[in-house]
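*Asks:* Here you go, this is data.pdb (PDB, C-alpha atoms).
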ATOM      1  CA  MET D  34      71.378   9.657 191.232
ATOM      2  CA  GLN D  35      71.204  13.381 190.810
ATOM      3  CA  ILE D  36      69.111  14.877 188.027
ATOM      4  CA  LYS D  37      70.705  17.883 186.483
ATOM      5  CA  ASN D  38      68.546  20.896 185.847
ATOM      6  CA  THR D  39      68.049  21.518 182.182
ATOM      7  CA  LYS D  40      66.991  24.818 180.733
ATOM      8  CA  LEU D  41      64.164  24.726 178.243
ATOM      9  CA  ASN D  42      64.773  26.445 174.978
ATOM     10  CA  LYS D  43      62.769  29.616 175.005
ATOM     11  CA  ALA D  44      61.815  31.568 171.929
ATOM     12  CA  PRO D  45      63.333  35.050 171.709
ATOM     13  CA  ALA D  46      61.134  37.894 172.878
ATOM     14  CA  GLY D  47      61.217  39.356 169.382
ATOM     15  CA  GLU D  48      59.233  36.406 168.031
ATOM     16  CA  TYR D  49      56.451  36.945 170.566
ATOM     17  CA  VAL D  50      56.338  40.636 169.726
ATOM     18  CA  PHE D  51      56.099  39.809 166.021
ATOM     19  CA  ILE D  52      53.288  37.287 166.603
ATOM     20  CA  ILE D  53      51.355  39.759 168.764
ATOM     21  CA  ILE D  54      51.659  42.462 166.092
ATOM     22  CA  ILE D  55      50.435  40.096 163.356
ATOM     23  CA  CYS D  56      47.486  39.008 165.535
ATOM     24  CA  LEU D  57      46.519  42.628 166.223
ATOM     25  CA  LEU D  58      46.708  43.486 162.523
ATOM     26  CA  SER D  59      44.521  40.487 161.700
ATOM     27  CA  ILE D  60      41.932  41.307 164.348
ATOM     28  CA  PHE D  61      41.818  45.063 163.664
ATOM     29  CA  PRO D  62      39.489  44.956 160.575
ATOM     30  CA  PHE D  63      37.000  42.818 162.499
ATOM     31  CA  TYR D  64      37.194  45.134 165.514
ATOM     32  CA  PHE D  65      36.701  48.206 163.322
ATOM     33  CA  MET D  66      33.673  46.574 161.704
ATOM     34  CA  LEU D  67      32.052  45.875 165.080
ATOM     35  CA  VAL D  68      32.798  49.348 166.439
ATOM     36  CA  SER D  69      31.587  51.067 163.276
ATOM     37  CA  ALA D  70      28.268  49.199 163.516
ATOM     38  CA  THR D  71      27.588  51.117 166.751
ATOM     39  CA  ASN D  72      28.533  54.559 165.404
ATOM     40  CA  LYS D  73      26.875  56.991 163.035
ATOM     41  CA  SER D  74      28.177  57.542 159.531
ATOM     42  CA  THR D  75      30.169  60.701 160.311
ATOM     43  CA  ASP D  76      31.991  58.943 163.166
ATOM     44  CA  VAL D  77      32.881  56.009 160.912
ATOM     45  CA  ILE D  78      34.283  58.373 158.285
ATOM     46  CA  ALA D  79      36.253  60.165 161.007
ATOM     47  CA  GLY D  80      37.758  56.830 162.064
ATOM     48  CA  ARG D  81      36.333  56.571 165.569
ATOM     49  CA  MET D  82      37.749  53.529 167.347
ATOM     50  CA  ILE D  83      35.468  53.284 170.373
ATOM     51  CA  PRO D  84      31.876  51.964 170.477
ATOM     52  CA  GLY D  85      29.048  54.437 170.101
ATOM     53  CA  ALA D  86      25.343  54.550 170.951
ATOM     54  CA  TYR D  87      23.845  54.274 167.449
ATOM     55  CA  LEU D  88      23.533  50.483 167.173
ATOM     56  CA  ILE D  89      19.756  50.419 167.619
ATOM     57  CA  GLN D  90      19.269  53.353 165.243
ATOM     58  CA  ASN D  91      21.478  51.704 162.617
ATOM     59  CA  PHE D  92      19.426  48.524 162.964
ATOM     60  CA  LYS D  93      16.163  50.448 162.546
ATOM     61  CA  ASN D  94      17.550  52.135 159.436
ATOM     62  CA  LEU D  95      18.624  48.738 158.141
ATOM     63  CA  LEU D  96      15.115  47.343 158.536
ATOM     64  CA  THR D  97      13.582  50.252 156.641
ATOM     65  CA  THR D  98      15.824  50.110 153.579
ATOM     66  CA  PRO D  99      13.797  50.410 150.353
ATOM     67  CA  THR D 100      13.564  47.814 147.538
ATOM     68  CA  VAL D 101      15.382  45.018 149.433
ATOM     69  CA  SER D 102      14.410  43.479 152.806
ATOM     70  CA  LEU D 103      17.058  42.414 155.315
ATOM     71  CA  TRP D 104      15.091  39.366 156.530
ATOM     72  CA  ARG D 105      14.231  38.330 152.983
ATOM     73  CA  SER D 106      17.886  38.560 151.954
ATOM     74  CA  LEU D 107      18.967  36.550 154.989
ATOM     75  CA  TRP D 108      16.410  33.855 154.191
ATOM     76  CA  ASN D 109      17.453  33.741 150.528
ATOM     77  CA  SER D 110      21.112  33.358 151.477
ATOM     78  CA  LEU D 111      20.388  30.711 154.093
ATOM     79  CA  ARG D 112      18.112  28.688 151.806
ATOM     80  CA  THR D 113      20.380  28.710 148.768
ATOM     81  CA  THR D 114      23.540  28.153 150.817
ATOM     82  CA  VAL D 115      22.199  25.143 152.722
ATOM     83  CA  ILE D 116      20.815  23.538 149.561
ATOM     84  CA  GLN D 117      24.056  24.101 147.668
ATOM     85  CA  THR D 118      26.159  22.785 150.554
ATOM     86  CA  VAL D 119      24.139  19.583 150.958
ATOM     87  CA  LEU D 120      24.005  18.818 147.231
ATOM     88  CA  SER D 121      27.670  19.687 146.643
ATOM     89  CA  ILE D 122      28.891  17.512 149.507
ATOM     90  CA  PHE D 123      26.779  14.569 148.363
ATOM     91  CA  VAL D 124      27.735  14.756 144.669
ATOM     92  CA  CYS D 125      31.431  15.564 145.151
ATOM     93  CA  SER D 126      31.917  12.975 147.899
ATOM     94  CA  LEU D 127      30.378  10.303 145.676
ATOM     95  CA  ALA D 128      32.685  11.331 142.837
ATOM     96  CA  GLY D 129      35.783  11.432 145.067
ATOM     97  CA  TYR D 130      34.848   8.064 146.575
ATOM     98  CA  GLY D 131      34.402   6.556 143.118
ATOM     99  CA  PHE D 132      37.665   7.967 141.768
ATOM    100  CA  GLN D 133      39.599   6.467 144.692
ATOM    101  CA  VAL D 134      37.855   3.115 145.207
ATOM    102  CA  TYR D 135      37.252   2.179 141.543
ATOM    103  CA  ARG D 136      40.527   3.341 140.075
ATOM    104  CA  ASP D 137      41.732   2.696 136.530
ATOM    105  CA  LYS D 138      43.674   4.594 133.876
ATOM    106  CA  LYS D 139      40.567   6.127 132.289
ATOM    107  CA  LYS D 140      39.362   7.514 135.604
ATOM    108  CA  ASP D 141      42.819   8.920 136.345
ATOM    109  CA  ALA D 142      42.819  10.669 132.971
ATOM    110  CA  MET D 143      39.357  12.060 133.693
ATOM    111  CA  MET D 144      40.598  13.318 137.054
ATOM    112  CA  ASN D 145      43.445  15.132 135.343
ATOM    113  CA  ILE D 146      40.937  16.827 133.031
ATOM    114  CA  LEU D 147      38.903  17.914 136.064
ATOM    115  CA  LEU D 148      42.014  19.397 137.660
ATOM    116  CA  LEU D 149      42.760  21.303 134.470
ATOM    117  CA  SER D 150      39.265  22.782 134.610
ATOM    118  CA  MET D 151      40.273  24.568 137.823
ATOM    119  CA  MET D 152      42.481  26.813 135.696
ATOM    120  CA  ILE D 153      39.476  28.178 133.766
ATOM    121  CA  PRO D 154      38.218  31.407 135.383
ATOM    122  CA  PHE D 155      34.511  31.741 136.067
ATOM    123  CA  ALA D 156      34.367  34.971 134.065
ATOM    124  CA  SER D 157      35.049  33.018 130.866
ATOM    125  CA  THR D 158      32.060  30.697 131.429
ATOM    126  CA  MET D 159      29.724  33.317 132.863
ATOM    127  CA  ILE D 160      28.099  34.411 129.589
ATOM    128  CA  PRO D 161      27.481  30.863 128.232
ATOM    129  CA  LEU D 162      26.010  29.876 131.596
ATOM    130  CA  PHE D 163      23.708  32.884 131.592
ATOM    131  CA  LYS D 164      22.458  32.044 128.088
ATOM    132  CA  MET D 165      21.861  28.417 129.043
ATOM    133  CA  PHE D 166      19.996  29.285 132.239
ATOM    134  CA  SER D 167      17.984  31.989 130.510
ATOM    135  CA  ALA D 168      16.902  29.533 127.805
ATOM    136  CA  ALA D 169      15.994  26.989 130.500
ATOM    137  CA  HIS D 170      13.954  29.627 132.415
ATOM    138  CA  LEU D 171      16.074  29.188 135.542
ATOM    139  CA  LEU D 172      16.742  32.859 136.263
ATOM    140  CA  ASN D 173      15.529  34.077 139.672
ATOM    141  CA  THR D 174      15.339  30.509 140.960
ATOM    142  CA  THR D 175      17.156  28.621 143.684
ATOM    143  CA  LEU D 176      18.018  25.915 141.171
ATOM    144  CA  GLY D 177      19.667  28.521 138.959
ATOM    145  CA  PHE D 178      21.791  29.645 141.890
ATOM    146  CA  VAL D 179      22.815  26.143 142.922
ATOM    147  CA  LEU D 180      23.399  24.204 139.687
ATOM    148  CA  PRO D 181      26.745  25.726 138.554
ATOM    149  CA  SER D 182      28.367  24.910 141.901
ATOM    150  CA  ILE D 183      26.939  21.483 142.715
ATOM    151  CA  SER D 184      30.027  19.750 141.359
ATOM    152  CA  THR D 185      33.430  21.415 141.661
ATOM    153  CA  ALA D 186      36.828  20.022 140.740
ATOM    154  CA  PHE D 187      38.303  21.221 144.036
ATOM    155  CA  LEU D 188      35.830  19.316 146.221
ATOM    156  CA  ILE D 189      36.104  16.153 144.120
ATOM    157  CA  PHE D 190      39.903  16.305 144.371
ATOM    158  CA  PHE D 191      39.639  17.053 148.100
ATOM    159  CA  PHE D 192      37.499  13.975 148.765
ATOM    160  CA  ARG D 193      39.644  11.796 146.536
ATOM    161  CA  GLN D 194      42.873  12.800 148.290
ATOM    162  CA  ASN D 195      41.444  12.266 151.769
ATOM    163  CA  SER D 196      39.932   8.948 150.675
ATOM    164  CA  GLN D 197      43.452   7.612 150.158
ATOM    165  CA  ALA D 198      43.621   7.098 153.921
ATOM    166  CA  PHE D 199      40.334   5.178 153.895
ATOM    167  CA  PRO D 200      40.857   1.457 154.724
ATOM    168  CA  LEU D 201      39.880  -0.417 151.568
ATOM    169  CA  GLU D 202      39.907  -3.683 153.515
ATOM    170  CA  THR D 203      36.756  -2.456 155.254
ATOM    171  CA  ILE D 204      34.996  -2.153 151.896
ATOM    172  CA  GLN D 205      36.041  -5.662 150.886
ATOM    173  CA  ALA D 206      34.812  -7.071 154.193
ATOM    174  CA  ALA D 207      31.485  -5.249 153.797
ATOM    175  CA  ARG D 208      31.062  -6.674 150.289
ATOM    176  CA  VAL D 209      31.682 -10.163 151.619
ATOM    177  CA  ASP D 210      28.978  -9.564 154.231
ATOM    178  CA  GLY D 211      26.561  -8.638 151.443
ATOM    179  CA  LEU D 212      26.359  -4.873 151.954
ATOM    180  CA  SER D 213      25.521  -2.950 148.770
ATOM    181  CA  GLU D 214      27.807  -0.287 147.328
ATOM    182  CA  ILE D 215      25.474   2.553 148.326
ATOM    183  CA  GLY D 216      25.189   0.963 151.777
ATOM    184  CA  ILE D 217      28.989   0.940 152.082
ATOM    185  CA  TYR D 218      29.043   4.635 151.193
ATOM    186  CA  LEU D 219      26.272   5.613 153.631
ATOM    187  CA  LYS D 220      27.035   3.313 156.579
ATOM    188  CA  ILE D 221      30.823   2.980 156.443
ATOM    189  CA  TYR D 222      32.436   5.654 154.303
ATOM    190  CA  MET D 223      30.489   8.675 155.583
ATOM    191  CA  PRO D 224      30.928   7.960 159.337
ATOM    192  CA  ILE D 225      34.642   7.217 158.975
ATOM    193  CA  MET D 226      35.273  10.267 156.789
ATOM    194  CA  SER D 227      33.146  12.643 158.883
ATOM    195  CA  PRO D 228      36.008  15.153 159.474
ATOM    196  CA  THR D 229      36.479  15.421 155.707
ATOM    197  CA  PHE D 230      32.757  15.999 155.237
ATOM    198  CA  ALA D 231      32.820  18.687 157.945
ATOM    199  CA  ALA D 232      35.758  20.518 156.353
ATOM    200  CA  ALA D 233      34.183  20.347 152.902
ATOM    201  CA  ALA D 234      30.855  21.583 154.289
ATOM    202  CA  ILE D 235      32.507  24.599 155.926
ATOM    203  CA  VAL D 236      34.389  25.547 152.756
ATOM    204  CA  THR D 237      31.294  25.091 150.584
ATOM    205  CA  PHE D 238      29.065  27.011 152.992
ATOM    206  CA  MET D 239      31.477  29.959 153.111
ATOM    207  CA  ASN D 240      31.863  30.069 149.339
ATOM    208  CA  ALA D 241      28.115  29.892 148.751
ATOM    209  CA  TRP D 242      27.272  32.409 151.473
ATOM    210  CA  ASN D 243      29.789  34.963 150.178
ATOM    211  CA  ASN D 244      29.119  34.322 146.492
ATOM    212  CA  TYR D 245      28.470  37.608 144.711
ATOM    213  CA  LEU D 246      29.072  37.512 140.963
ATOM    214  CA  TRP D 247      26.775  34.628 139.946
ATOM    215  CA  PRO D 248      23.853  35.704 142.183
ATOM    216  CA  LEU D 249      24.216  39.211 140.767
ATOM    217  CA  ILE D 250      23.632  37.757 137.301
ATOM    218  CA  VAL D 251      21.014  35.086 137.973
ATOM    219  CA  MET D 252      19.032  36.687 140.833
ATOM    220  CA  GLN D 253      17.543  39.658 138.996
ATOM    221  CA  SER D 254      14.485  40.158 141.210
ATOM    222  CA  ASN D 255      14.721  42.099 144.478
ATOM    223  CA  ASN D 256      12.816  39.327 146.260
ATOM    224  CA  MET D 257      15.570  36.834 145.347
ATOM    225  CA  ARG D 258      18.560  38.966 146.373
ATOM    226  CA  THR D 259      21.074  37.400 148.772
ATOM    227  CA  MET D 260      23.020  39.114 151.559
ATOM    228  CA  PRO D 261      26.064  40.127 149.454
ATOM    229  CA  LEU D 262      23.690  41.791 146.999
ATOM    230  CA  PHE D 263      21.795  43.389 149.878
ATOM    231  CA  VAL D 264      25.018  44.913 151.245
ATOM    232  CA  THR D 265      25.956  46.171 147.788
ATOM    233  CA  ASN D 266      22.531  47.771 147.454
ATOM    234  CA  LEU D 267      23.267  49.873 150.562
ATOM    235  CA  THR D 268      26.071  51.659 148.678
ATOM    236  CA  ALA D 269      24.036  52.282 145.526
ATOM    237  CA  GLY D 270      22.600  55.648 146.615
ATOM    238  CA  TYR D 271      24.099  59.114 146.463
ATOM    239  CA  VAL D 272      24.891  59.091 150.200
ATOM    240  CA  THR D 273      26.093  55.983 152.026
ATOM    241  CA  ASP D 274      25.260  55.414 155.690
ATOM    242  CA  TYR D 275      28.479  53.699 156.763
ATOM    243  CA  GLY D 276      27.200  52.851 160.246
ATOM    244  CA  MET D 277      24.248  50.986 158.765
ATOM    245  CA  LEU D 278      26.536  49.441 156.144
ATOM    246  CA  MET D 279      28.951  48.116 158.762
ATOM    247  CA  LEU D 280      26.058  46.659 160.748
ATOM    248  CA  ALA D 281      24.844  44.832 157.630
ATOM    249  CA  VAL D 282      28.361  43.490 157.018
ATOM    250  CA  THR D 283      28.521  42.326 160.652
ATOM    251  CA  ILE D 284      25.206  40.486 160.342
ATOM    252  CA  MET D 285      26.355  38.878 157.089
ATOM    253  CA  THR D 286      29.632  37.762 158.689
ATOM    254  CA  LEU D 287      28.161  36.176 161.821
ATOM    255  CA  PRO D 288      26.899  32.856 160.303
ATOM    256  CA  THR D 289      30.288  31.974 158.818
ATOM    257  CA  ILE D 290      32.094  32.936 162.031
ATOM    258  CA  ILE D 291      29.763  30.819 164.162
ATOM    259  CA  LEU D 292      30.051  27.872 161.779
ATOM    260  CA  PHE D 293      33.844  28.012 161.676
ATOM    261  CA  PHE D 294      34.423  28.352 165.419
ATOM    262  CA  THR D 295      31.920  25.630 166.321
ATOM    263  CA  GLN D 296      33.435  23.230 163.781
ATOM    264  CA  GLN D 297      37.061  24.388 163.959
ATOM    265  CA  LYS D 298      38.435  21.117 165.327
ATOM    266  CA  ARG D 299      36.702  19.003 162.683
ATOM    267  CA  PHE D 300      37.773  21.477 160.004
ATOM    268  CA  VAL D 301      41.440  21.098 160.948
ATOM    269  CA  GLU D 302      41.092  17.299 161.076
ATOM    270  CA  GLY D 303      39.472  17.247 157.635
ATOM    271  CA  ILE D 304      42.062  19.544 156.055
ATOM    272  CA  THR D 305      44.929  17.457 157.416
ATOM    273  CA  GLY D 306      43.309  14.283 156.096
ATOM    274  CA  SER D 307      42.468  12.733 159.477
ATOM    275  CA  ILE D 308      39.778  10.055 159.717
ATOM    276  CA  LYS D 309      37.875   8.659 162.666
TER     277      LYS D 309
END
Please render this file's structure as structure tokens.

*Replies:*
Amino acid sequence: MQIKNTKLNKAPAGEYVFIIIICLLSIFPFYFMLVSATNKSTDVIAGRMIPGAYLIQNFKNLLTTPTVSLWRSLWNSLRTTVIQTVLSIFVCSLAGYGFQVYRDKKKDAMMNILLLSMMIPFASTMIPLFKMFSAAHLLNTTLGFVLPSISTAFLIFFFRQNSQAFPLETIQAARVDGLSEIGIYLKIYMPIMSPTFAAAAIVTFMNAWNNYLWPLIVMQSNNMRTMPLFVTNLTAGYVTDYGMLMLAVTIMTLPTIILFFTQQKRFVEGITGSIK
């Protein structure tokens, strides 16, 4: 029996060219940021596209910036971001788990109200929040940074939707074996839904790390400033050192890049609703 040769369908060359152009356009801002971090300010303004020899000098200038410390800002961002991520994942996963496992009409109506709250912009709640936190003496505190974002409608909805693929028969079997509800959540739900937790953690970490408006309002002391506020402070003078500024932006970007690329597979699995 002779096997006939079959030609594989190949994509037109124009599609590859288009993809390559889109990839280059997407990578270019990141490349320009890295190159600019090694050049002096005049070279950045002139649009120099090759690395320079001013990386160490830019770093020294960054360490000697007045009013705000680079290491202090990094520590503030790391501390507040990790705390917010852990608390948000715990609270929102519990809520999403409860909405899916213990379903009734009242909970569905409450979920619809939560989804409607996503349409309310933060700017409309910013002033009432500031008054509340000022009256509670929570300004310039980590708790003041974290509280407004511990529970978000998006994360609750995200956990609830992914929990639809969770095998409810496992919960019933665990109840028969005498496992408590919190034990089911900790020992069964969390391990099975680990990709969802990873995806939610990445999204929450990125949002908290890059958060600018609320920290600008609640973190009024220089010692409590986070990295976005630190970068903004570099442009507050009469003359901006763009080489130093680009280096600060690079340093601020690295944690989110490392987190995403190390957890990329789990992020994709969590977004697509996969479970282990």

*Asks:* Please compute the atom CA of D:Lys93-atom CA of D:Pro62 distance, one decimal, in Å.

*Replies:*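 Interatomic distance here is 24.0 Å.
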
*Asks:* Where does the PyMOL selection byres ((chain D and resi 89) around 12) land in this file, that is, which residues does it pick, as a ChimeraX atom specification?

*Replies:* /D:70-73,85-88,90-96,276-277,280

*Asks:* Translate the PyMOL selection byres ((chain D and resi 250-260) around 9) into a concrete residue list for this structure, as a PyMOL selection string.

*Replies:* chain D and resi 100-103+105-111+113+159+163+166-167+171-175+177-178+242-249+261-265+281-282+285

*Asks:* Could the residues in this selection be written to a file with C-alpha atoms, as a PDB file, in the coordinates of the input?

*Replies:*
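part.pdb was written with the following content:
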ATOM      1  CA  THR D 100      13.564  47.814 147.538  1.00  0.00           C
ATOM      2  CA  VAL D 101      15.382  45.018 149.433  1.00  0.00           C
ATOM      3  CA  SER D 102      14.410  43.479 152.806  1.00  0.00           C
ATOM      4  CA  LEU D 103      17.058  42.414 155.315  1.00  0.00           C
ATOM      5  CA  ARG D 105      14.231  38.330 152.983  1.00  0.00           C
ATOM      6  CA  SER D 106      17.886  38.560 151.954  1.00  0.00           C
ATOM      7  CA  LEU D 107      18.967  36.550 154.989  1.00  0.00           C
ATOM      8  CA  TRP D 108      16.410  33.855 154.191  1.00  0.00           C
ATOM      9  CA  ASN D 109      17.453  33.741 150.528  1.00  0.00           C
ATOM     10  CA  SER D 110      21.112  33.358 151.477  1.00  0.00           C
ATOM     11  CA  LEU D 111      20.388  30.711 154.093  1.00  0.00           C
ATOM     12  CA  THR D 113      20.380  28.710 148.768  1.00  0.00           C
ATOM     13  CA  MET D 159      29.724  33.317 132.863  1.00  0.00           C
ATOM     14  CA  PHE D 163      23.708  32.884 131.592  1.00  0.00           C
ATOM     15  CA  PHE D 166      19.996  29.285 132.239  1.00  0.00           C
ATOM     16  CA  SER D 167      17.984  31.989 130.510  1.00  0.00           C
ATOM     17  CA  LEU D 171      16.074  29.188 135.542  1.00  0.00           C
ATOM     18  CA  LEU D 172      16.742  32.859 136.263  1.00  0.00           C
ATOM     19  CA  ASN D 173      15.529  34.077 139.672  1.00  0.00           C
ATOM     20  CA  THR D 174      15.339  30.509 140.960  1.00  0.00           C
ATOM     21  CA  THR D 175      17.156  28.621 143.684  1.00  0.00           C
ATOM     22  CA  GLY D 177      19.667  28.521 138.959  1.00  0.00           C
ATOM     23  CA  PHE D 178      21.791  29.645 141.890  1.00  0.00           C
ATOM     24  CA  TRP D 242      27.272  32.409 151.473  1.00  0.00           C
ATOM     25  CA  ASN D 243      29.789  34.963 150.178  1.00  0.00           C
ATOM     26  CA  ASN D 244      29.119  34.322 146.492  1.00  0.00           C
ATOM     27  CA  TYR D 245      28.470  37.608 144.711  1.00  0.00           C
ATOM     28  CA  LEU D 246      29.072  37.512 140.963  1.00  0.00           C
ATOM     29  CA  TRP D 247      26.775  34.628 139.946  1.00  0.00           C
ATOM     30  CA  PRO D 248      23.853  35.704 142.183  1.00  0.00           C
ATOM     31  CA  LEU D 249      24.216  39.211 140.767  1.00  0.00           C
ATOM     32  CA  PRO D 261      26.064  40.127 149.454  1.00  0.00           C
ATOM     33  CA  LEU D 262      23.690  41.791 146.999  1.00  0.00           C
ATOM     34  CA  PHE D 263      21.795  43.389 149.878  1.00  0.00           C
ATOM     35  CA  VAL D 264      25.018  44.913 151.245  1.00  0.00           C
ATOM     36  CA  THR D 265      25.956  46.171 147.788  1.00  0.00           C
ATOM     37  CA  ALA D 281      24.844  44.832 157.630  1.00  0.00           C
ATOM     38  CA  VAL D 282      28.361  43.490 157.018  1.00  0.00           C
ATOM     39  CA  MET D 285      26.355  38.878 157.089  1.00  0.00           C
TER      40      MET D 285
END

*Asks:* So what do you get for atom CA of D:Ala241 versus atom CA of D:Thr114, distance-wise?

*Replies:*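 Between these atoms lies a distance of 5.3 Å.
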
*Asks:* Would you compute the distance between atom CA of D:Met279 and atom CA of D:Ile291? Give it in Å to one decimal.

*Replies:*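 Going from atom CA of D:Met279 over to atom CA of D:Ile291 covers 18.1 Å.
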
*Asks:* Step by step, work through what the PyMOL selection byres ((chain D and resi 232) around 9) selects in the shown file, and finish by giving those residues as a compact mmCIF listing (two decimals) with C-alpha atoms, keeping the file's coordinate frame.

*Replies:*
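Final output, saved to result17.txt:
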# COMPACT_ATOMS: atom_id res chain seq x y z
CA SER D 227 33.15 12.64 158.88
CA PRO D 228 36.01 15.15 159.47
CA THR D 229 36.48 15.42 155.71
CA PHE D 230 32.76 16.00 155.24
CA ALA D 231 32.82 18.69 157.94
CA ALA D 233 34.18 20.35 152.90
CA ALA D 234 30.86 21.58 154.29
CA ILE D 235 32.51 24.60 155.93
CA VAL D 236 34.39 25.55 152.76
CA THR D 237 31.29 25.09 150.58
CA GLN D 296 33.44 23.23 163.78
CA GLN D 297 37.06 24.39 163.96
CA ARG D 299 36.70 19.00 162.68
CA PHE D 300 37.77 21.48 160.00
CA VAL D 301 41.44 21.10 160.95
CA GLU D 302 41.09 17.30 161.08
CA GLY D 303 39.47 17.25 157.64
CA ILE D 304 42.06 19.54 156.06
